[in-house]
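Worksheet for the structure shown next.
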Amino acid sequence: MFFNVLSQVTVLLILIMLGVLLTKLKMLNDVTVKQMTDIVLLLVTPCVIIKSFMREFDPSLIKQLLLSFLISVIVHVFCIVIACLSLHERDKSREKVLRFAAVFSNCGFMSVPLLESILGDIGVFYGSAYLAVFNVLVWSYGIFLMSGNRKELSLKKIIVNPGIIGITVALLIFFLNIPLHKVPIISQPIGFLAGLNTPIPMIIIGYHLANSNLFEAIKNLKAVFSMVLKLFIFPLVTLFGMYFCGIRGDVLVAITISVSAPAAAITTMFSSKFGGDTSLSVSMVSLSTIISIISMPIIITIAQIIA
């Protein structure tokens, strides 16, 4: 089972290394990567979510979906509290990066491809709950954490972002039982676009890896602790917390995959925009991505065994 998960992660690693190679060959630059990122965020990720909800309405799935939402909220609140209590730094530009990176997972770029490859559409179906909570909190608490200014908060940013729009459309399709899966002229383009969700994000991560200074995070003990929280402590507490609460099956595995992803790529974007330590953020995102190639198979395998 471990090797099945490892093989899936290895596929992602190969695509990441392709991104590194393309960067070294000068085939990728800031402009092209920004455009690729926009395509993924604005078009591909919403299509992945919508595709997972294009199914016959099944009342039995509602309880599991609502449970996934509840767990996702609890997990994020828990991570925020622990990060605030345990991660302190005199340099506030570094402190907010340490906390942000510990709390927010790369649940769009890293988790969704794994959810789809390991659990199929039902994995994305449950994982979309985590992605929805992530989007609400990253555009509210995340902005406040990085900017330190409540004036930066915007209801429009919370509601009108690609993740929330995609999930809203998907929920409407599911609850109204709209049979888009039976209409090839609509379902096939959505499927083709959703298929881009694995290669493009991995190539983007490879670009950032090629341009990062990994050693900066290694030299900072608090950065190392932040990554230990993100990659090991938070996923394992979440996993066993769900287990001891009696949660089993695909929900347990899907949430575990979402939580165990490395630091969110948006850590660097927000750091650059709101005066965080951008160099540290790039290093932490990149290094946590590399470490997750080992940590994710271990944690996901434990989840599959006890699920």
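Every chain in the structure tokens has a letter given in the order shown (A, B, ...), and although residue numbers restart at 1 in each chain, ligands are simply numbered from 1 in the order shown.
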
Please build the interface table for range 262-282 of chain A against range 193-215 of chain A with a cut-off of 9 Å, listing for each qualifying residue the nearest atom pair and the distance in Å to one decimal; count only C-alpha atoms, order rows by chain and increasing number, and write it as a tab-separated table.
```
residue	atom	partner	partner_atom	distance
A:Ala265	CA	A:Ile205	CA	8.1
A:Ser279	CA	A:Asn213	CA	7.7
A:Leu280	CA	A:Asn213	CA	8.4
A:Val282	CA	A:Ser212	CA	6.0
```

Those same residues - N, CA, C and O atoms - I'd like them written as an mmCIF file, in the first residue's frame.
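Below you can see selection.cif, which holds the result:
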```cif
data_model
loop_
_atom_site.group_PDB
_atom_site.id
_atom_site.type_symbol
_atom_site.label_atom_id
_atom_site.label_comp_id
_atom_site.auth_asym_id
_atom_site.auth_seq_id
_atom_site.Cartn_x
_atom_site.Cartn_y
_atom_site.Cartn_z
ATOM 1 N N ALA A 265 1.555 27.245 -1.818
ATOM 2 C CA ALA A 265 2.325 28.117 -2.707
ATOM 3 C C ALA A 265 1.939 29.581 -2.521
ATOM 4 O O ALA A 265 2.754 30.484 -2.735
ATOM 5 N N SER A 279 11.965 35.564 0.822
ATOM 6 C CA SER A 279 13.020 34.575 0.630
ATOM 7 C C SER A 279 12.784 33.350 1.512
ATOM 8 O O SER A 279 12.915 32.204 1.067
ATOM 9 N N LEU A 280 12.417 33.594 2.774
ATOM 10 C CA LEU A 280 12.127 32.489 3.693
ATOM 11 C C LEU A 280 10.914 31.706 3.213
ATOM 12 O O LEU A 280 10.890 30.468 3.285
ATOM 13 N N VAL A 282 9.762 31.262 0.137
ATOM 14 C CA VAL A 282 10.115 30.424 -1.016
ATOM 15 C C VAL A 282 10.868 29.190 -0.561
ATOM 16 O O VAL A 282 10.611 28.063 -1.011
#
```

Determine, for each residue of range 147-211 of chain A having at least one atom at most 12 Å from an atom of range 127-130 of chain A, the closest pair of atoms and their separation in Å to one decimal, counting only C-alpha atoms; order by chain and ascending number, as a Markdown table.
```
| residue | atom | partner | partner_atom | distance |
| --- | --- | --- | --- | --- |
| A:Gly163 | CA | A:Ser128 | CA | 8.9 |
| A:Ile164 | CA | A:Ser128 | CA | 9.7 |
| A:Ile165 | CA | A:Ser128 | CA | 11.8 |
| A:Gly166 | CA | A:Ser128 | CA | 9.5 |
| A:Ile167 | CA | A:Ser128 | CA | 7.1 |
| A:Thr168 | CA | A:Ser128 | CA | 10.5 |
| A:Ala170 | CA | A:Ser128 | CA | 9.6 |
| A:Leu171 | CA | A:Ser128 | CA | 10.2 |
```

Near range 217-228 of chain A, 10 Å: range 94-178 of chain A residue rows, closest pairs, only C-alpha atoms, as CSV:
```
residue,atom,partner,partner_atom,distance
A:Arg94,CA,A:Ala223,CA,9.0
A:Glu95,CA,A:Lys222,CA,9.1
A:Val97,CA,A:Ala223,CA,9.0
A:Leu98,CA,A:Ser226,CA,5.9
A:Arg99,CA,A:Ser226,CA,7.2
A:Phe100,CA,A:Ser226,CA,9.2
A:Ala101,CA,A:Ser226,CA,7.2
A:Ala102,CA,A:Ser226,CA,5.3
A:Val103,CA,A:Ser226,CA,9.0
```

Excluding Leu252 in chain A and its own-chain neighbours fewer than 4 positions away, which residues fall within 8 Å of it when counting only C-alpha atoms? Please give them as a list of chain:residue names.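 Near neighbours after the sequence-gap exclusion: A:Leu239, A:Met242, A:Tyr243, A:Ile247, A:Arg248, A:Thr256, A:Ala303, A:Ala307.
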
For the residues in that selection, give me all heavy atoms as an mmCIF file, in the first residue's frame.
```cif
data_model
loop_
_atom_site.group_PDB
_atom_site.id
_atom_site.type_symbol
_atom_site.label_atom_id
_atom_site.label_comp_id
_atom_site.auth_asym_id
_atom_site.auth_seq_id
_atom_site.Cartn_x
_atom_site.Cartn_y
_atom_site.Cartn_z
ATOM 1 N N LEU A 239 -5.372 12.799 11.653
ATOM 2 C CA LEU A 239 -5.659 11.408 11.311
ATOM 3 C C LEU A 239 -6.170 10.626 12.520
ATOM 4 O O LEU A 239 -7.247 10.002 12.469
ATOM 5 C CB LEU A 239 -4.396 10.757 10.744
ATOM 6 C CG LEU A 239 -4.416 9.237 10.548
ATOM 7 C CD1 LEU A 239 -5.551 8.825 9.625
ATOM 8 C CD2 LEU A 239 -3.071 8.766 9.979
ATOM 9 N N MET A 242 -9.542 11.900 13.956
ATOM 10 C CA MET A 242 -10.692 11.366 13.220
ATOM 11 C C MET A 242 -10.928 9.900 13.563
ATOM 12 O O MET A 242 -12.075 9.470 13.753
ATOM 13 C CB MET A 242 -10.464 11.516 11.701
ATOM 14 C CG MET A 242 -10.567 12.937 11.181
ATOM 15 S SD MET A 242 -10.571 13.021 9.356
ATOM 16 C CE MET A 242 -8.861 12.575 8.998
ATOM 17 N N TYR A 243 -9.840 9.146 13.657
ATOM 18 C CA TYR A 243 -9.963 7.709 13.947
ATOM 19 C C TYR A 243 -10.641 7.466 15.293
ATOM 20 O O TYR A 243 -11.571 6.663 15.400
ATOM 21 C CB TYR A 243 -8.582 7.060 13.926
ATOM 22 C CG TYR A 243 -8.608 5.577 14.236
ATOM 23 C CD1 TYR A 243 -8.964 4.659 13.255
ATOM 24 C CD2 TYR A 243 -8.295 5.109 15.509
ATOM 25 C CE1 TYR A 243 -8.995 3.296 13.539
ATOM 26 C CE2 TYR A 243 -8.328 3.749 15.796
ATOM 27 C CZ TYR A 243 -8.679 2.846 14.811
ATOM 28 O OH TYR A 243 -8.730 1.500 15.098
ATOM 29 N N ILE A 247 -14.444 8.037 12.736
ATOM 30 C CA ILE A 247 -14.541 8.351 11.298
ATOM 31 C C ILE A 247 -13.647 7.382 10.525
ATOM 32 O O ILE A 247 -12.493 7.169 10.872
ATOM 33 C CB ILE A 247 -14.117 9.808 11.037
ATOM 34 C CG1 ILE A 247 -15.073 10.763 11.753
ATOM 35 C CG2 ILE A 247 -14.092 10.100 9.537
ATOM 36 C CD1 ILE A 247 -14.567 12.167 11.869
ATOM 37 N N ARG A 248 -14.221 6.802 9.477
ATOM 38 C CA ARG A 248 -13.501 5.822 8.677
ATOM 39 C C ARG A 248 -13.732 6.087 7.186
ATOM 40 O O ARG A 248 -14.422 7.019 6.811
ATOM 41 C CB ARG A 248 -13.992 4.396 9.011
ATOM 42 C CG ARG A 248 -13.843 3.966 10.467
ATOM 43 C CD ARG A 248 -12.397 3.732 10.849
ATOM 44 N NE ARG A 248 -12.309 3.144 12.176
ATOM 45 C CZ ARG A 248 -12.317 3.846 13.308
ATOM 46 N NH1 ARG A 248 -12.405 5.175 13.239
ATOM 47 N NH2 ARG A 248 -12.228 3.248 14.471
ATOM 48 N N THR A 256 -7.062 13.483 5.342
ATOM 49 C CA THR A 256 -5.651 13.273 5.674
ATOM 50 C C THR A 256 -4.747 13.705 4.527
ATOM 51 O O THR A 256 -3.712 14.355 4.730
ATOM 52 C CB THR A 256 -5.383 11.795 6.017
ATOM 53 O OG1 THR A 256 -6.195 11.410 7.136
ATOM 54 C CG2 THR A 256 -3.919 11.574 6.372
ATOM 55 N N ALA A 303 -3.201 6.170 6.953
ATOM 56 C CA ALA A 303 -4.633 6.495 6.828
ATOM 57 C C ALA A 303 -5.386 5.385 6.104
ATOM 58 O O ALA A 303 -6.491 4.991 6.526
ATOM 59 C CB ALA A 303 -4.801 7.817 6.093
ATOM 60 N N ALA A 307 -8.283 3.150 7.819
ATOM 61 C CA ALA A 307 -9.563 3.688 7.346
ATOM 62 C C ALA A 307 -10.644 2.619 7.286
ATOM 63 O O ALA A 307 -11.828 2.944 7.242
ATOM 64 C CB ALA A 307 -9.397 4.332 5.985
#
```

Would you mind telling me which residue in A:Phe57, A:Phe244, A:Phe270, A:Tyr126 lies nearest to Val112 in chain A when using only C-alpha atoms?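 Answer, going by the shortest atom-to-atom distance: A:Tyr126.
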
Closest to Leu229 in chain A among A:Ser7, A:Asn149, A:Ser105, A:Asn135, using only C-alpha atoms? A:Ser105

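Taking only C-alpha atoms, the non-local environment of Leu172 in chain A within 10 Å (same-chain residues fewer than 6 positions away omitted) comprises Ile50, Phe53 and Ile178 of chain A.
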
With only C-alpha atoms as the atoms that count, which of A:Ser292, A:Cys79, A:Val138, A:Glu89 lies nearest to Val9 in chain A? A:Ser292

Quick one: residues within 10 Å of Ile80 in chain A, only C-alpha atoms, excluding same-chain residues fewer than 2 positions away - as a list in words?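 Residues near the query, excluding close chain neighbours: Ile74, Val75, His76, Val77, Phe78, Ile82, Ala83, Cys84, Leu85, Arg99, Phe100, Ala102, Val103, Phe104, Tyr141 and Gly142 of chain A.
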
All helix (DSSP H, G or I) residues (DSSP, backbone) inside range 84-215 of chain A, as an MDAnalysis selection string: chainID A and resid 84:86 92:103 107:119 121:138 141:147 150:152 155:159 162:175 180:182 184:197 199:210 214:215

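Straight-line separation from CA of Phe174 in chain A to CA of Ile190 in chain A: 15.3 Å.
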
Which residue gives the smallest distance to Thr238 in chain A among A:Val259, A:Ala254, A:Ile122, A:Val40, with only C-alpha atoms counted? A:Val259

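Our summary of the geometry notes that CA of Ile257 in chain A is positioned 22.7 Å from CA of Leu42 in chain A.
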
I'd like the interatomic distance between CA of Val253 in chain A and CA of Leu41 in chain A, to a tenth of an Å. 24.1 Å

Residue nearest Ser117 in chain A among A:Leu43, A:Ile290, A:Leu12, A:Ile266 (counting only C-alpha atoms):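 Result for the nearest residue to Ser117 in chain A: A:Leu12.
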
Tell me which protein, DNA and RNA residues are within 9 Å of Leu180 in chain A, counting only C-alpha atoms, leaving out same-chain ones fewer than 6 positions away, and put them as number ranges by chain. A: 54-55, 173, 186-187

Set the distance at 8 Å and use only C-alpha atoms: which residues neighbour Ile299 in chain A once local chain neighbours fewer than 6 positions away are removed? I'd like the list as a list in words. Phe232, Pro235, Leu236, Thr256 and Ser260 of chain A
